[in-house]
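Have a look at the structure below, then the notes.
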Amino acid sequence: MQDVLEALDRHEEFLILGHEDPDGDCLGSQLALSSFLRRQGKRCHLISKGPFRRPEIMEWASEFTDKLPRPDRLDEGSTALVLLDCSSLDRTGLDLSPYGSFPLIVIDHHASGEGGGNYRYVDSQSPSTTLLIQDIIESSPLEMSGEEADFIFFGFCTDTDYFRHIELIHEGVFLKIHRLMKRGISPTDFHRRIYAGQSLTSRKHLGKILERTESHFGGRLLFTWELKEDFTDYDETQRDSNTLYKQLQSVKGALVVILAKESRPGELSVSFRSSCDINVGEIARSYGGGGHPKASGSTFAGTVDEFRQEILRKFAPIMETYQGD
Ligand SMILES: [Mn+2]
């Protein structure tokens, strides 16, 4: 971390970048770091390609731009690029080739093989990138501001789904949260801020999709779907699939949850969730998609009935031989 601190210290102007389709951890890191640097009189450009489609981050969209400052207007000796919550400039979705002569600082918690950057603070054991920003701020004599604590905690909540995904490898995490609480953050208020504010229509929509869920292989596979016509009186951008998966994955005996959404007539966007060691990343890849062993997605050309037939055929041998509980 020391060389990152020195690089931040040495430069006066920063392009603060994150991945496209940003989440709370990405934006929280960008906002916390730029606040900390600006308090030292440094200049920061908050840059994001967007889209800002997650409801909990929309309030910050106006702080960001996808217009890059002209490279010839930037001073070569005192300007640096900072890339947060990813390790490769491709992930920004922006053309940064004209900025190749500026040093690149990478701060990230992903364990991918990408190793870009002149200065790196990458720790795959941190539950969020914002907690790495916390390390940076805490190693400075400048006290963390309440607003920075807020952004840091927000990113942590996003990436751990509010404390749900914390393991022993995330050592010291509760001490860090304790220090954020001393800066004024309230986990109770945050919970309300993140999870309240849903429309009644969105809850009714969830009810409808839950209602039609089918149980297959003795309840080990749950399957449901959303059609275009489900969105006539409900705005598609307000979908809350996370809550849907959470509800279905909490069903006793359910190992795999599958959601098919009609993206246009004759084409489905399908998502797989696994609560066991059945690798749904591989399943999605067999349809040309991708993802993680426990969460993945793909597209499928066909109707819901065709897709149902297809996945039941695909999962039959897997479910027959699966030995777990
Ligand atoms: Mn993250």
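Quick note on naming: the chains in the structure tokens go A, B, ... in the order shown, residues restart at 1 in each chain, and ligands are numbered from 1 in order of appearance.
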Each residue of chain A with at least one atom at most 10 Å from ligand 1 should appear once, together with its nearest atom pair and the corresponding distance in Å (one decimal); atoms considered: only C-alpha atoms and all ligand atoms; ordering: chain, then increasing residue number; output as a Markdown table.
```
| residue | atom | partner | partner_atom_place_in_ligand_line | distance |
| --- | --- | --- | --- | --- |
| A:His19 | CA | ligand 1 | 1 (Mn) | 9.8 |
| A:Pro22 | CA | ligand 1 | 1 (Mn) | 9.3 |
| A:Asp23 | CA | ligand 1 | 1 (Mn) | 7.6 |
| A:Gly24 | CA | ligand 1 | 1 (Mn) | 7.9 |
| A:Asp25 | CA | ligand 1 | 1 (Mn) | 4.8 |
| A:Cys26 | CA | ligand 1 | 1 (Mn) | 5.9 |
| A:Leu27 | CA | ligand 1 | 1 (Mn) | 9.4 |
| A:Gly28 | CA | ligand 1 | 1 (Mn) | 9.5 |
| A:Ser29 | CA | ligand 1 | 1 (Mn) | 8.8 |
| A:Leu84 | CA | ligand 1 | 1 (Mn) | 8.6 |
| A:Asp85 | CA | ligand 1 | 1 (Mn) | 5.2 |
| A:Cys86 | CA | ligand 1 | 1 (Mn) | 7.8 |
| A:Asp108 | CA | ligand 1 | 1 (Mn) | 7.4 |
| A:His109 | CA | ligand 1 | 1 (Mn) | 6.5 |
| A:His110 | CA | ligand 1 | 1 (Mn) | 7.3 |
| A:Ser124 | CA | ligand 1 | 1 (Mn) | 10.0 |
| A:Ser126 | CA | ligand 1 | 1 (Mn) | 9.1 |
| A:Pro127 | CA | ligand 1 | 1 (Mn) | 7.4 |
| A:Ser128 | CA | ligand 1 | 1 (Mn) | 4.8 |
| A:Thr129 | CA | ligand 1 | 1 (Mn) | 5.2 |
| A:Thr130 | CA | ligand 1 | 1 (Mn) | 7.7 |
| A:Leu131 | CA | ligand 1 | 1 (Mn) | 9.7 |
| A:Gly155 | CA | ligand 1 | 1 (Mn) | 7.2 |
| A:Phe156 | CA | ligand 1 | 1 (Mn) | 8.0 |
| A:Thr158 | CA | ligand 1 | 1 (Mn) | 8.0 |
| A:Asp159 | CA | ligand 1 | 1 (Mn) | 5.7 |
| A:Thr160 | CA | ligand 1 | 1 (Mn) | 9.1 |
```
Please produce a file of those selected residues containing N, CA and C atoms, as a PDB file, in the first residue's frame.
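File part-v1.pdb, as written:
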```pdb
ATOM      1  N   HIS A  19     -15.558   0.536 -12.800  1.00  0.00           N
ATOM      2  CA  HIS A  19     -16.076  -0.302 -13.888  1.00  0.00           C
ATOM      3  C   HIS A  19     -17.422   0.209 -14.400  1.00  0.00           C
ATOM      4  N   PRO A  22     -21.846   0.420 -12.757  1.00  0.00           N
ATOM      5  CA  PRO A  22     -21.268   0.434 -11.408  1.00  0.00           C
ATOM      6  C   PRO A  22     -22.248  -0.009 -10.329  1.00  0.00           C
ATOM      7  N   ASP A  23     -21.683  -0.552  -9.258  1.00  0.00           N
ATOM      8  CA  ASP A  23     -22.480  -0.896  -8.082  1.00  0.00           C
ATOM      9  C   ASP A  23     -22.095   0.043  -6.938  1.00  0.00           C
ATOM     10  N   GLY A  24     -22.668  -0.186  -5.781  1.00  0.00           N
ATOM     11  CA  GLY A  24     -22.424   0.696  -4.638  1.00  0.00           C
ATOM     12  C   GLY A  24     -20.981   0.688  -4.177  1.00  0.00           C
ATOM     13  N   ASP A  25     -20.304  -0.456  -4.329  1.00  0.00           N
ATOM     14  CA  ASP A  25     -18.911  -0.522  -3.888  1.00  0.00           C
ATOM     15  C   ASP A  25     -18.017   0.306  -4.802  1.00  0.00           C
ATOM     16  N   CYS A  26     -18.282   0.214  -6.088  1.00  0.00           N
ATOM     17  CA  CYS A  26     -17.498   0.964  -7.070  1.00  0.00           C
ATOM     18  C   CYS A  26     -17.685   2.471  -6.858  1.00  0.00           C
ATOM     19  N   LEU A  27     -18.942   2.911  -6.838  1.00  0.00           N
ATOM     20  CA  LEU A  27     -19.202   4.346  -6.686  1.00  0.00           C
ATOM     21  C   LEU A  27     -18.803   4.839  -5.303  1.00  0.00           C
ATOM     22  N   GLY A  28     -19.061   4.036  -4.273  1.00  0.00           N
ATOM     23  CA  GLY A  28     -18.681   4.419  -2.912  1.00  0.00           C
ATOM     24  C   GLY A  28     -17.179   4.625  -2.816  1.00  0.00           C
ATOM     25  N   SER A  29     -16.391   3.766  -3.464  1.00  0.00           N
ATOM     26  CA  SER A  29     -14.933   3.909  -3.461  1.00  0.00           C
ATOM     27  C   SER A  29     -14.529   5.192  -4.173  1.00  0.00           C
ATOM     28  N   LEU A  84     -10.713   1.869  -9.712  1.00  0.00           N
ATOM     29  CA  LEU A  84     -11.241   1.276  -8.481  1.00  0.00           C
ATOM     30  C   LEU A  84     -12.208   0.125  -8.763  1.00  0.00           C
ATOM     31  N   ASP A  85     -12.164  -0.879  -7.913  1.00  0.00           N
ATOM     32  CA  ASP A  85     -13.089  -2.014  -7.937  1.00  0.00           C
ATOM     33  C   ASP A  85     -13.000  -2.855  -9.214  1.00  0.00           C
ATOM     34  N   CYS A  86     -11.903  -2.736  -9.941  1.00  0.00           N
ATOM     35  CA  CYS A  86     -11.569  -3.617 -11.057  1.00  0.00           C
ATOM     36  C   CYS A  86     -10.091  -3.390 -11.349  1.00  0.00           C
ATOM     37  N   ASP A 108      -8.255  -2.502  -5.646  1.00  0.00           N
ATOM     38  CA  ASP A 108      -9.276  -3.497  -6.008  1.00  0.00           C
ATOM     39  C   ASP A 108      -9.273  -4.662  -5.033  1.00  0.00           C
ATOM     40  N   HIS A 109     -10.388  -5.370  -4.987  1.00  0.00           N
ATOM     41  CA  HIS A 109     -10.459  -6.557  -4.120  1.00  0.00           C
ATOM     42  C   HIS A 109     -10.860  -7.810  -4.901  1.00  0.00           C
ATOM     43  N   HIS A 110     -10.755  -7.746  -6.223  1.00  0.00           N
ATOM     44  CA  HIS A 110     -11.075  -8.931  -7.021  1.00  0.00           C
ATOM     45  C   HIS A 110      -9.824  -9.780  -7.216  1.00  0.00           C
ATOM     46  N   SER A 124      -7.563  -9.429  -2.262  1.00  0.00           N
ATOM     47  CA  SER A 124      -8.762 -10.211  -2.566  1.00  0.00           C
ATOM     48  C   SER A 124      -9.444 -10.697  -1.291  1.00  0.00           C
ATOM     49  N   SER A 126     -10.353  -8.626   1.062  1.00  0.00           N
ATOM     50  CA  SER A 126     -11.186  -7.542   1.575  1.00  0.00           C
ATOM     51  C   SER A 126     -12.601  -7.722   1.037  1.00  0.00           C
ATOM     52  N   PRO A 127     -13.620  -7.630   1.895  1.00  0.00           N
ATOM     53  CA  PRO A 127     -14.987  -7.833   1.402  1.00  0.00           C
ATOM     54  C   PRO A 127     -15.467  -6.734   0.456  1.00  0.00           C
ATOM     55  N   SER A 128     -14.820  -5.567   0.475  1.00  0.00           N
ATOM     56  CA  SER A 128     -15.213  -4.520  -0.481  1.00  0.00           C
ATOM     57  C   SER A 128     -14.000  -3.655  -0.799  1.00  0.00           C
ATOM     58  N   THR A 129     -14.081  -2.951  -1.937  1.00  0.00           N
ATOM     59  CA  THR A 129     -13.013  -2.003  -2.274  1.00  0.00           C
ATOM     60  C   THR A 129     -13.045  -0.818  -1.309  1.00  0.00           C
ATOM     61  N   THR A 130     -14.269  -0.450  -0.867  1.00  0.00           N
ATOM     62  CA  THR A 130     -14.337   0.715   0.027  1.00  0.00           C
ATOM     63  C   THR A 130     -13.523   0.497   1.311  1.00  0.00           C
ATOM     64  N   LEU A 131     -13.444  -0.750   1.801  1.00  0.00           N
ATOM     65  CA  LEU A 131     -12.655  -0.983   3.019  1.00  0.00           C
ATOM     66  C   LEU A 131     -11.159  -0.794   2.747  1.00  0.00           C
ATOM     67  N   GLY A 155     -20.509   0.850   0.434  1.00  0.00           N
ATOM     68  CA  GLY A 155     -19.866  -0.125  -0.460  1.00  0.00           C
ATOM     69  C   GLY A 155     -19.741  -1.484   0.194  1.00  0.00           C
ATOM     70  N   PHE A 156     -19.409  -1.475   1.474  1.00  0.00           N
ATOM     71  CA  PHE A 156     -19.307  -2.727   2.231  1.00  0.00           C
ATOM     72  C   PHE A 156     -20.658  -3.439   2.243  1.00  0.00           C
ATOM     73  N   THR A 158     -23.131  -3.157   0.135  1.00  0.00           N
ATOM     74  CA  THR A 158     -23.483  -3.632  -1.207  1.00  0.00           C
ATOM     75  C   THR A 158     -22.818  -4.973  -1.491  1.00  0.00           C
ATOM     76  N   ASP A 159     -21.509  -5.046  -1.229  1.00  0.00           N
ATOM     77  CA  ASP A 159     -20.781  -6.240  -1.649  1.00  0.00           C
ATOM     78  C   ASP A 159     -20.970  -7.428  -0.710  1.00  0.00           C
ATOM     79  N   THR A 160     -21.386  -7.184   0.531  1.00  0.00           N
ATOM     80  CA  THR A 160     -21.614  -8.322   1.435  1.00  0.00           C
ATOM     81  C   THR A 160     -23.100  -8.619   1.572  1.00  0.00           C
TER      82      THR A 160
END
```
Worksheet item: Do you know which residues are at most 9 Å from Pro51 of chain A counting only C-alpha atoms, after dropping those on the same chain fewer than 5 positions away, and could you put them as a PyMOL selection string?
Response: chain A and resi 20-22+61
Item to complete: Using only C-alpha atoms, determine which residues lie at most 9 Å from segment 321-325 of chain A, disregarding the query and same-chain residues fewer than 4 positions distant; provide the list as a PyMOL selection string.
Response: chain A and resi 253+255+276-278+316-317
Just-selected residues, N, CA and C atoms written as a compact mmCIF listing (two decimals), in the first residue's frame:
```txt
# COMPACT_ATOMS: atom_id res chain seq x y z
N GLY A 253 -34.81 -27.46 0.94
CA GLY A 253 -34.56 -28.49 -0.07
C GLY A 253 -34.21 -27.94 -1.44
N LEU A 255 -32.09 -26.56 -4.24
CA LEU A 255 -30.66 -26.53 -4.52
C LEU A 255 -30.35 -25.54 -5.64
N CYS A 276 -25.69 -25.13 -3.65
CA CYS A 276 -24.94 -26.35 -3.33
C CYS A 276 -23.73 -26.38 -4.27
N ASP A 277 -23.06 -27.53 -4.38
CA ASP A 277 -21.89 -27.50 -5.26
C ASP A 277 -22.20 -27.88 -6.72
N ILE A 278 -23.45 -27.84 -7.10
CA ILE A 278 -23.77 -27.93 -8.54
C ILE A 278 -23.32 -26.61 -9.17
N ALA A 316 -31.84 -33.44 -15.34
CA ALA A 316 -32.27 -34.78 -14.90
C ALA A 316 -31.09 -35.64 -14.44
N PRO A 317 -30.03 -35.82 -15.26
CA PRO A 317 -28.93 -36.66 -14.79
C PRO A 317 -28.18 -36.04 -13.60
```
Worksheet item: Just asking: which residues within segment 40-112 of chain A are strand (DSSP E) according to DSSP, as a PyMOL selection string?
Response: chain A and resi 43-47+79-84+104-108
Atoms to include: N, CA and C atoms. Write the selected residues as a tab-separated table (two decimals), in the first residue's frame.
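Output (selection.tsv):
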```tsv
chain	number	residue	atom	x	y	z
A	43	ARG	N	-7.30	17.96	-7.22
A	43	ARG	CA	-8.42	17.99	-8.16
A	43	ARG	C	-8.79	16.58	-8.59
A	44	CYS	N	-10.10	16.28	-8.60
A	44	CYS	CA	-10.54	14.94	-8.99
A	44	CYS	C	-11.63	15.03	-10.04
A	45	HIS	N	-11.53	14.19	-11.05
A	45	HIS	CA	-12.59	14.03	-12.05
A	45	HIS	C	-13.26	12.70	-11.76
A	46	LEU	N	-14.53	12.73	-11.38
A	46	LEU	CA	-15.26	11.49	-11.10
A	46	LEU	C	-15.85	10.97	-12.40
A	47	ILE	N	-15.33	9.85	-12.87
A	47	ILE	CA	-15.70	9.38	-14.20
A	47	ILE	C	-16.35	8.00	-14.13
A	79	THR	N	-0.52	14.51	-12.90
A	79	THR	CA	-1.82	13.85	-13.06
A	79	THR	C	-1.67	12.34	-13.05
A	80	ALA	N	-2.61	11.66	-12.40
A	80	ALA	CA	-2.61	10.19	-12.40
A	80	ALA	C	-4.02	9.66	-12.58
A	81	LEU	N	-4.11	8.42	-13.09
A	81	LEU	CA	-5.39	7.73	-13.21
A	81	LEU	C	-5.53	6.79	-12.01
A	82	VAL	N	-6.73	6.75	-11.44
A	82	VAL	CA	-6.98	5.80	-10.35
A	82	VAL	C	-8.13	4.90	-10.78
A	83	LEU	N	-7.91	3.59	-10.76
A	83	LEU	CA	-8.93	2.63	-11.18
A	83	LEU	C	-9.38	1.84	-9.95
A	84	LEU	N	-10.71	1.87	-9.71
A	84	LEU	CA	-11.24	1.28	-8.48
A	84	LEU	C	-12.21	0.13	-8.76
A	104	LEU	N	-0.87	4.79	-13.60
A	104	LEU	CA	-2.16	4.19	-13.23
A	104	LEU	C	-2.05	3.56	-11.83
A	105	ILE	N	-2.97	3.98	-10.95
A	105	ILE	CA	-3.04	3.43	-9.59
A	105	ILE	C	-4.27	2.51	-9.54
A	106	VAL	N	-4.08	1.26	-9.12
A	106	VAL	CA	-5.21	0.32	-9.06
A	106	VAL	C	-5.50	-0.04	-7.61
A	107	ILE	N	-6.76	0.10	-7.22
A	107	ILE	CA	-7.18	-0.31	-5.87
A	107	ILE	C	-8.38	-1.24	-6.06
A	108	ASP	N	-8.25	-2.50	-5.65
A	108	ASP	CA	-9.28	-3.50	-6.01
A	108	ASP	C	-9.27	-4.66	-5.03
```
Worksheet entry | Top pick for closest residue to Phe223 of chain A, considering A:Thr188, A:Thr299, A:Thr243, A:Gln249 and counting only C-alpha atoms |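 Smallest separation from Phe223 of chain A among the options: A:Gln249.
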Discussion item. I need the residues of segment 181-237 of chain A that end up classed as alpha helix (DSSP H) by DSSP on the backbone, written out as JSON, numbers by chain.
Written reply: {"A": [181, 182, 187, 188, 189, 190, 191, 192, 193, 194, 195, 200, 201, 202, 203, 204, 205, 206, 207, 208, 209, 210, 211]}
Restricting the output to N, CA and C atoms, write the selected residues as a CSV table (one decimal), in the first residue's frame.
```
chain,number,residue,atom,x,y,z
A,181,MET,N,-18.4,3.3,12.7
A,181,MET,CA,-19.5,3.7,13.6
A,181,MET,C,-19.1,4.8,14.5
A,182,LYS,N,-17.8,4.8,14.8
A,182,LYS,CA,-17.3,6.0,15.7
A,182,LYS,C,-17.3,7.2,14.8
A,187,PRO,N,-25.6,1.5,11.3
A,187,PRO,CA,-26.1,0.3,10.5
A,187,PRO,C,-27.6,0.2,10.4
A,188,THR,N,-28.3,0.6,11.5
A,188,THR,CA,-29.8,0.6,11.5
A,188,THR,C,-30.3,1.5,10.4
A,189,ASP,N,-29.8,2.8,10.4
A,189,ASP,CA,-30.3,3.7,9.4
A,189,ASP,C,-30.0,3.3,8.0
A,190,PHE,N,-28.8,2.7,7.9
A,190,PHE,CA,-28.4,2.3,6.5
A,190,PHE,C,-29.3,1.2,6.0
A,191,HIS,N,-29.7,0.3,6.9
A,191,HIS,CA,-30.5,-0.8,6.5
A,191,HIS,C,-31.8,-0.3,5.9
A,192,ARG,N,-32.4,0.7,6.6
A,192,ARG,CA,-33.6,1.3,6.1
A,192,ARG,C,-33.4,2.0,4.7
A,193,ARG,N,-32.2,2.7,4.6
A,193,ARG,CA,-31.9,3.5,3.4
A,193,ARG,C,-31.8,2.5,2.2
A,194,ILE,N,-31.2,1.4,2.4
A,194,ILE,CA,-30.9,0.5,1.3
A,194,ILE,C,-32.1,-0.3,0.9
A,195,TYR,N,-32.9,-0.8,1.9
A,195,TYR,CA,-33.9,-1.8,1.6
A,195,TYR,C,-35.3,-1.2,1.6
A,200,LEU,N,-45.1,-0.5,-4.0
A,200,LEU,CA,-46.0,-1.6,-3.8
A,200,LEU,C,-46.1,-2.4,-5.1
A,201,THR,N,-46.1,-1.8,-6.2
A,201,THR,CA,-46.2,-2.5,-7.5
A,201,THR,C,-45.1,-3.5,-7.6
A,202,SER,N,-43.9,-3.1,-7.2
A,202,SER,CA,-42.7,-4.0,-7.3
A,202,SER,C,-42.9,-5.3,-6.4
A,203,ARG,N,-43.5,-5.0,-5.2
A,203,ARG,CA,-43.8,-6.2,-4.3
A,203,ARG,C,-44.8,-7.1,-4.9
A,204,LYS,N,-45.9,-6.5,-5.5
A,204,LYS,CA,-46.9,-7.3,-6.1
A,204,LYS,C,-46.4,-8.1,-7.3
A,205,HIS,N,-45.4,-7.5,-8.0
A,205,HIS,CA,-44.8,-8.2,-9.1
A,205,HIS,C,-44.0,-9.4,-8.6
A,206,LEU,N,-43.3,-9.2,-7.5
A,206,LEU,CA,-42.6,-10.3,-6.9
A,206,LEU,C,-43.6,-11.4,-6.5
A,207,GLY,N,-44.7,-11.0,-5.9
A,207,GLY,CA,-45.7,-12.0,-5.5
A,207,GLY,C,-46.2,-12.9,-6.7
A,208,LYS,N,-46.4,-12.2,-7.8
A,208,LYS,CA,-46.8,-12.9,-9.0
A,208,LYS,C,-45.8,-13.9,-9.5
A,209,ILE,N,-44.5,-13.5,-9.5
A,209,ILE,CA,-43.5,-14.4,-10.0
A,209,ILE,C,-43.3,-15.6,-9.0
A,210,LEU,N,-43.4,-15.3,-7.7
A,210,LEU,CA,-43.3,-16.4,-6.7
A,210,LEU,C,-44.4,-17.3,-6.9
A,211,GLU,N,-45.6,-16.8,-7.1
A,211,GLU,CA,-46.9,-17.6,-7.2
A,211,GLU,C,-46.7,-18.6,-8.3
```
